[in-house]
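J.: Below: one structure in structure tokens.
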Amino acid sequence: MTTTTDTTRRRAASPAGTGVTQARVLLSEWTKIRSLRSTVYSLLIALVIIIGLAVLIPMVTVAHWPPRDPGEAAAFDATSRSLAGGFLAQLAIGVLGVLLITGEYATGMIRATFAAVPARLPVLWAKAVVFGAVTLATTIPTVFLAWWIGQRILSGQQIDAHLSDPGVARAVVGTALYLAVVGLLGLGLGALLRNTAAGISALFGVLFVLPIIVRFLPSSWAQPIDTYLPSTVGQAITQVHGDPGAIAPWPAFALFCGYAALVMAFAAVMLRRRDA
Amino acid sequence: MIEATALTKRYGDKLAVDDLSFAVHPGVVTGFLGPNGAGKSTTMRMIMGLDAPTSGSVTVNGTAYRNLRDPLREVGALLEAKSIHSGRSAFNHLLALAQTAGIQRARVEEVIDLVGITEVARKRAGGFSLGMGQRLGIASALLGDPHTLILDEPVNGLDPDGIRWIRNLLKHLAAEGRTIFVSSHLMSEMAQTAQHLIVIGRGRLIADTSVSEIIARASGQSVVVRTTDVPGLVRAVAGPNVQSSVDPAGTVTVQGLTTDEIGVRAARDGLTLLELTAQRVTLEDAFMDLTKDSVEYHGHEAEDPVGLATSGVGA
């Protein structure tokens with residue numbers, strides 16, 4: 001048997017529609033994400049934190065109600081009291097987003113991945129879609145449950161909120177949306193920096209440290225810069241009562257998504273260009 | 001068929017692969033040989049589209065790897081370092097790769113069985129021994145039943161059983177008409193597996209030839225003789241193109257004559273021979289000689305290795 005006929009036979013034997021497709025890469029990334037214990041545990045920890053703080057903080061609040069400072073009572077927001085866990089959970093989800101790709105660089109898996117998908121970009125898109133979907137699918141029910149538990153506890157002092165109150169439903173869903181985009185920002189930074197420590201530092205540097213540094217600037221600078229910081233525009237959607245002068249929740253969230261998309265686009269360009 | 005044309009890769013001011021052109025043909029096992037740091041892995045990464053060449057090109061079956069529509073069914077690769085996420089089981093690792101090409105779950109089970117890791121397939125790959133890791137790597141290379149296989153140091157870390165298994169597998173796959181390209185820094189390993197050799201040093205092509213030819217070229221005639229009359233023997237074999245040397249123990253090493261010729265001359269002069277042995281230049285020596293000018297990292301003794309001057313194949 002000569003090589004030529006052998007090759008031809010193989011090609012002929014392959015059913016139509018063989019080869020790498022975006023749908024197949026999606027399935028592959030789903031297998032990857034569900035088959036790592038670290039992914040499952042990180043997500044689980046995030047969910048437990050969200051529920052746990054939704055029990056703890058409302059209980060403490062109810063036990064110390066009413067506050068000594070009447071101003072605190074006036075500014076009281078029952079929804080934020082039950083969603084404080086989201087702030088802590090963003091650590092777990094952000095790290096998970098970074099690890100989703102830097103874990104492949106650290107172990108050498110990325111070479112096998114890119115050998116199977118030489119175009120590379122379908123891998124990044126598939127990771128983003130699968131991770132975004134998994135995060136939303138788990139955090140949306142969790143934040144609603146956390147909110148509901150929190151309100152049941154707060155109702156002991158008749159200080160609970162209702163989903164029909166203005167901004168409440170948006171803030172609850174917004175917490176899940178914020179977490180998902182933090183995860184995607186982590187994925188983008190991880191793909192760009194290809195190193196776990198660098199990716200995590202960059203992500204939380206942008207979200208936590210940057211706002212603090214901006215505060216050291218003269219207020220004539222700090223105010224306008226702070227308005228457009230990723231952390232500010234990202235968290236706007238999670239708050240029932242926005243700051244005066246801040247961008248409205250949905251446009252702010254769109255800008256936050258824009259930042260994440262920008263990082264992802266830059267990562268995509270570099271992913272194609274650089275050696276694996 | 002793998003074809004490299006003027007393939008060059010530069011990292012900063014270091015030339016890792018330098019104007020390399022060669023072809024790897026189907027039906028035989030082609031060895032890719034060179035000392036550590038010669039550029040073997042870099043070349044293989046360029047074949048696989050993982051690193052982009054600085055200049056030149058390399059194709060598999062006429063297509064650049066990055067443009068292959070169905071890469072796993074065209075080319076299977078075992079890359080040098082473990083290319084496996086340590087937290088994932090062997091089965092899930094292979095399944096995730098298979099799914100990118102629409103390869104069925106049954107084929108995953110089949111290759112797991114083929115490489116003999118069925119018992120550990122559901123365990124985390126991070127706990128695998130080097131040998132099991134290599135077997136898993138070979139399983140992933142075979143997933144798409146590809147026509148071309150690229151294996152970087154496949155026998156690394158394998159026990160003798162595993163090494164024999166790899167040799168037989170490669171020969172079997174080549175006999176089926178596939179293109180098999182295997183790298184190694186061990187000449188002796190290549191001699192038992194490969195029929196054709198591509199030898200590189202410092203990123204440059206040193207030899208592109210068959211194994212038997214390399215041995216023939218490297219085997220400069222050298223005969224060890226022990227006799228009761230050393231000066232008499234040295235006189236007896238003296239002649240143009242003949243060199244003889246005597247070591248302190250009285251053993252004579254003669255170059256330029258065969259054992260037959262030395263025996264005849266000794267008998268003519270009535271000399272008593274205690275030993276007459278043809279020194280075959282080993283494959284290791286041949287390889288060392290081929291690459292002596294291009295070894296990246298010399299040990300202190302490697303500057304003047306014993307016996308290399310006897311074999312006269314230049315780079």
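The way I read the labels, and the way they are meant: chains A, B, ... in the order of the structure tokens, residue 1 as the first residue of every chain, and ligand 1 as the first ligand shown, with later ones counted on from there.
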Would you mind listing what lies within 6 Å of Gln99 of chain B as a PDB file with N, CA and C atoms, in the first residue's frame, with only C-alpha atoms counted and same-chain residues fewer than 3 positions away left out?

T.:
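Final output, saved to selection_19.pdb:
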ATOM      1  N   ARG A  24     -17.305  21.819  19.046  1.00  0.00           N
ATOM      2  CA  ARG A  24     -16.512  20.724  19.625  1.00  0.00           C
ATOM      3  C   ARG A  24     -15.545  21.235  20.672  1.00  0.00           C
ATOM      4  N   SER A  28     -15.238  20.272  24.631  1.00  0.00           N
ATOM      5  CA  SER A  28     -13.944  19.917  25.224  1.00  0.00           C
ATOM      6  C   SER A  28     -13.664  20.768  26.461  1.00  0.00           C
TER       7      SER A  28
ATOM      8  N   ALA B  96     -11.135  15.180  26.648  1.00  0.00           N
ATOM      9  CA  ALA B  96     -11.190  16.604  26.286  1.00  0.00           C
ATOM     10  C   ALA B  96     -10.481  16.845  24.949  1.00  0.00           C
ATOM     11  N   GLY B 102     -14.148  15.633  17.522  1.00  0.00           N
ATOM     12  CA  GLY B 102     -15.305  14.767  17.373  1.00  0.00           C
ATOM     13  C   GLY B 102     -14.954  13.289  17.430  1.00  0.00           C
ATOM     14  N   ILE B 103     -13.849  12.948  18.096  1.00  0.00           N
ATOM     15  CA  ILE B 103     -13.459  11.540  18.226  1.00  0.00           C
ATOM     16  C   ILE B 103     -14.287  10.909  19.350  1.00  0.00           C
TER      17      ILE B 103
END

J.: Taking only C-alpha atoms into account, what are the residues of chain B at most 6 Å from chain A, put as a PyMOL selection string?

T.: chain B and resi 50-51+66+69-70+72+83-85+87-88+96+99-101+177

J.: Could you write out that same residue set with N, CA and C atoms as a JSON list (two decimals), in the first residue's frame?

T.:
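Now in selection-v4.json:
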[["chain", "number", "residue", "atom", "x", "y", "z"],
["B", 50, "LEU", "N", 3.38, 25.26, 17.40],
["B", 50, "LEU", "CA", 3.36, 25.87, 18.73],
["B", 50, "LEU", "C", 4.29, 27.08, 18.78],
["B", 51, "ASP", "N", 5.44, 26.98, 18.10],
["B", 51, "ASP", "CA", 6.34, 28.11, 17.96],
["B", 51, "ASP", "C", 6.33, 28.52, 16.48],
["B", 66, "ARG", "N", -0.68, 24.85, 11.46],
["B", 66, "ARG", "CA", -1.74, 25.77, 11.92],
["B", 66, "ARG", "C", -2.94, 25.80, 10.99],
["B", 69, "ARG", "N", -7.08, 21.22, 9.06],
["B", 69, "ARG", "CA", -8.48, 21.27, 9.46],
["B", 69, "ARG", "C", -8.76, 20.26, 10.56],
["B", 70, "ASP", "N", -8.07, 19.14, 10.50],
["B", 70, "ASP", "CA", -8.37, 18.05, 11.43],
["B", 70, "ASP", "C", -7.04, 17.55, 12.02],
["B", 72, "LEU", "N", -5.71, 16.37, 14.80],
["B", 72, "LEU", "CA", -5.49, 15.12, 15.54],
["B", 72, "LEU", "C", -5.53, 13.89, 14.63],
["B", 83, "SER", "N", 2.63, 17.17, 28.80],
["B", 83, "SER", "CA", 1.66, 18.19, 28.39],
["B", 83, "SER", "C", 0.29, 17.80, 28.92],
["B", 84, "ILE", "N", 0.22, 17.66, 30.23],
["B", 84, "ILE", "CA", -0.99, 17.14, 30.87],
["B", 84, "ILE", "C", -1.27, 17.96, 32.11],
["B", 85, "HIS", "N", -2.51, 18.35, 32.32],
["B", 85, "HIS", "CA", -2.86, 19.03, 33.56],
["B", 85, "HIS", "C", -2.83, 17.99, 34.68],
["B", 87, "GLY", "N", -4.02, 17.80, 37.54],
["B", 87, "GLY", "CA", -5.20, 17.56, 38.36],
["B", 87, "GLY", "C", -6.28, 16.75, 37.68],
["B", 88, "ARG", "N", -6.07, 16.43, 36.40],
["B", 88, "ARG", "CA", -7.13, 15.77, 35.64],
["B", 88, "ARG", "C", -6.78, 14.30, 35.45],
["B", 96, "ALA", "N", -11.13, 15.18, 26.65],
["B", 96, "ALA", "CA", -11.19, 16.60, 26.29],
["B", 96, "ALA", "C", -10.48, 16.84, 24.95],
["B", 99, "GLN", "N", -12.61, 15.31, 22.06],
["B", 99, "GLN", "CA", -13.83, 16.05, 21.73],
["B", 99, "GLN", "C", -13.58, 17.21, 20.77],
["B", 100, "THR", "N", -12.36, 17.77, 20.76],
["B", 100, "THR", "CA", -12.09, 18.86, 19.83],
["B", 100, "THR", "C", -12.19, 18.41, 18.38],
["B", 101, "ALA", "N", -12.02, 17.11, 18.16],
["B", 101, "ALA", "CA", -12.04, 16.59, 16.79],
["B", 101, "ALA", "C", -13.25, 15.69, 16.55],
["B", 177, "GLY", "N", 2.94, 2.22, 6.88],
["B", 177, "GLY", "CA", 3.07, 3.30, 5.91],
["B", 177, "GLY", "C", 2.99, 4.68, 6.50]]

J.: Counting only C-alpha atoms, what is within 9 Å of Gly188 of chain A, bar same-chain residues fewer than 6 positions away, as a PyMOL selection string?

T.: chain A and resi 97-98+101+124+128+199+260-268

J.: Taking only segment 31-208 of chain B into account, list the residues labelled strand (DSSP E) by DSSP (computed from the backbone), as a VMD selection string.

T.: chain B and resid 31 to 33 55 to 60 75 to 78 148 to 152 179 to 184 196 to 201 204 to 208

J.: Quick one, how far is atom CA of Ala84 of chain A from atom CA of Leu187 of chain A?

T.: 23.5 Å

J.: Nearest to Trp147 of chain A: which of A:Pro224, A:Gly85, A:Pro66, A:Pro244 is it, counting only C-alpha atoms?

T.: A:Gly85

J.: Report as a tab-separated table (two decimals) with C-alpha atoms, in the first residue's frame all protein, DNA and RNA residues lying within 12 Å of segment 133-135 of chain B, evaluated on only C-alpha atoms, omitting residues in the same chain fewer than 2 positions from it.

T.:
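The result, written out as around_4.tsv:
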chain	number	residue	atom	x	y	z
B	77	ALA	CA	2.46	14.23	18.90
B	78	LEU	CA	4.20	13.36	22.12
B	79	LEU	CA	5.88	16.52	23.30
B	80	GLU	CA	8.89	16.53	25.53
B	81	ALA	CA	7.58	17.84	28.82
B	82	LYS	CA	4.40	16.29	30.19
B	83	SER	CA	1.66	18.19	28.39
B	84	ILE	CA	-0.99	17.14	30.87
B	85	HIS	CA	-2.86	19.03	33.56
B	86	SER	CA	-1.79	17.24	36.74
B	89	SER	CA	-7.50	12.02	35.13
B	90	ALA	CA	-5.95	10.37	32.11
B	93	HIS	CA	-7.52	14.47	29.57
B	94	LEU	CA	-7.87	12.24	26.52
B	111	VAL	CA	-6.04	4.00	23.16
B	112	ILE	CA	-6.00	3.75	26.96
B	113	ASP	CA	-6.12	0.00	26.56
B	114	LEU	CA	-3.53	0.06	23.77
B	115	VAL	CA	-0.87	1.81	25.87
B	116	GLY	CA	-1.69	-0.26	28.95
B	117	ILE	CA	-2.83	2.37	31.45
B	118	THR	CA	-6.37	1.08	31.92
B	120	VAL	CA	-4.83	4.15	36.36
B	121	ALA	CA	-6.95	5.88	33.70
B	123	LYS	CA	-6.64	8.60	38.59
B	124	ARG	CA	-5.14	12.08	38.62
B	125	ALA	CA	-2.34	12.33	36.06
B	126	GLY	CA	-0.26	14.31	38.55
B	127	GLY	CA	0.44	11.09	40.44
B	128	PHE	CA	1.71	9.26	37.37
B	129	SER	CA	5.27	8.01	37.13
B	130	LEU	CA	7.36	9.31	34.26
B	131	GLY	CA	6.77	6.07	32.41
B	137	GLY	CA	1.33	11.03	25.99
B	138	ILE	CA	1.54	8.27	23.40
B	139	ALA	CA	-2.14	7.50	23.91
B	140	SER	CA	-2.98	11.12	23.10
B	141	ALA	CA	-0.77	10.97	20.01
B	142	LEU	CA	-2.65	7.89	18.76
B	151	LEU	CA	7.57	11.87	19.31
B	152	ASP	CA	10.01	13.86	21.40
B	153	GLU	CA	12.21	11.53	23.49
B	154	PRO	CA	9.52	8.84	23.80
B	155	VAL	CA	11.62	6.33	25.74
B	156	ASN	CA	12.51	8.83	28.46
B	157	GLY	CA	11.67	7.35	31.83
B	158	LEU	CA	10.42	4.05	30.46
B	159	ASP	CA	11.54	0.75	31.95
B	162	GLY	CA	8.31	-0.04	28.05
B	163	ILE	CA	11.26	0.75	25.80
B	165	TRP	CA	7.10	-1.81	23.63
B	166	ILE	CA	7.76	1.64	22.13
B	169	LEU	CA	5.00	0.03	18.29

J.: Pick from A:Leu100, A:Ile200, A:Leu83, A:Val206: nearest to Leu47 of chain A, with only C-alpha atoms counted?

T.: A:Leu83
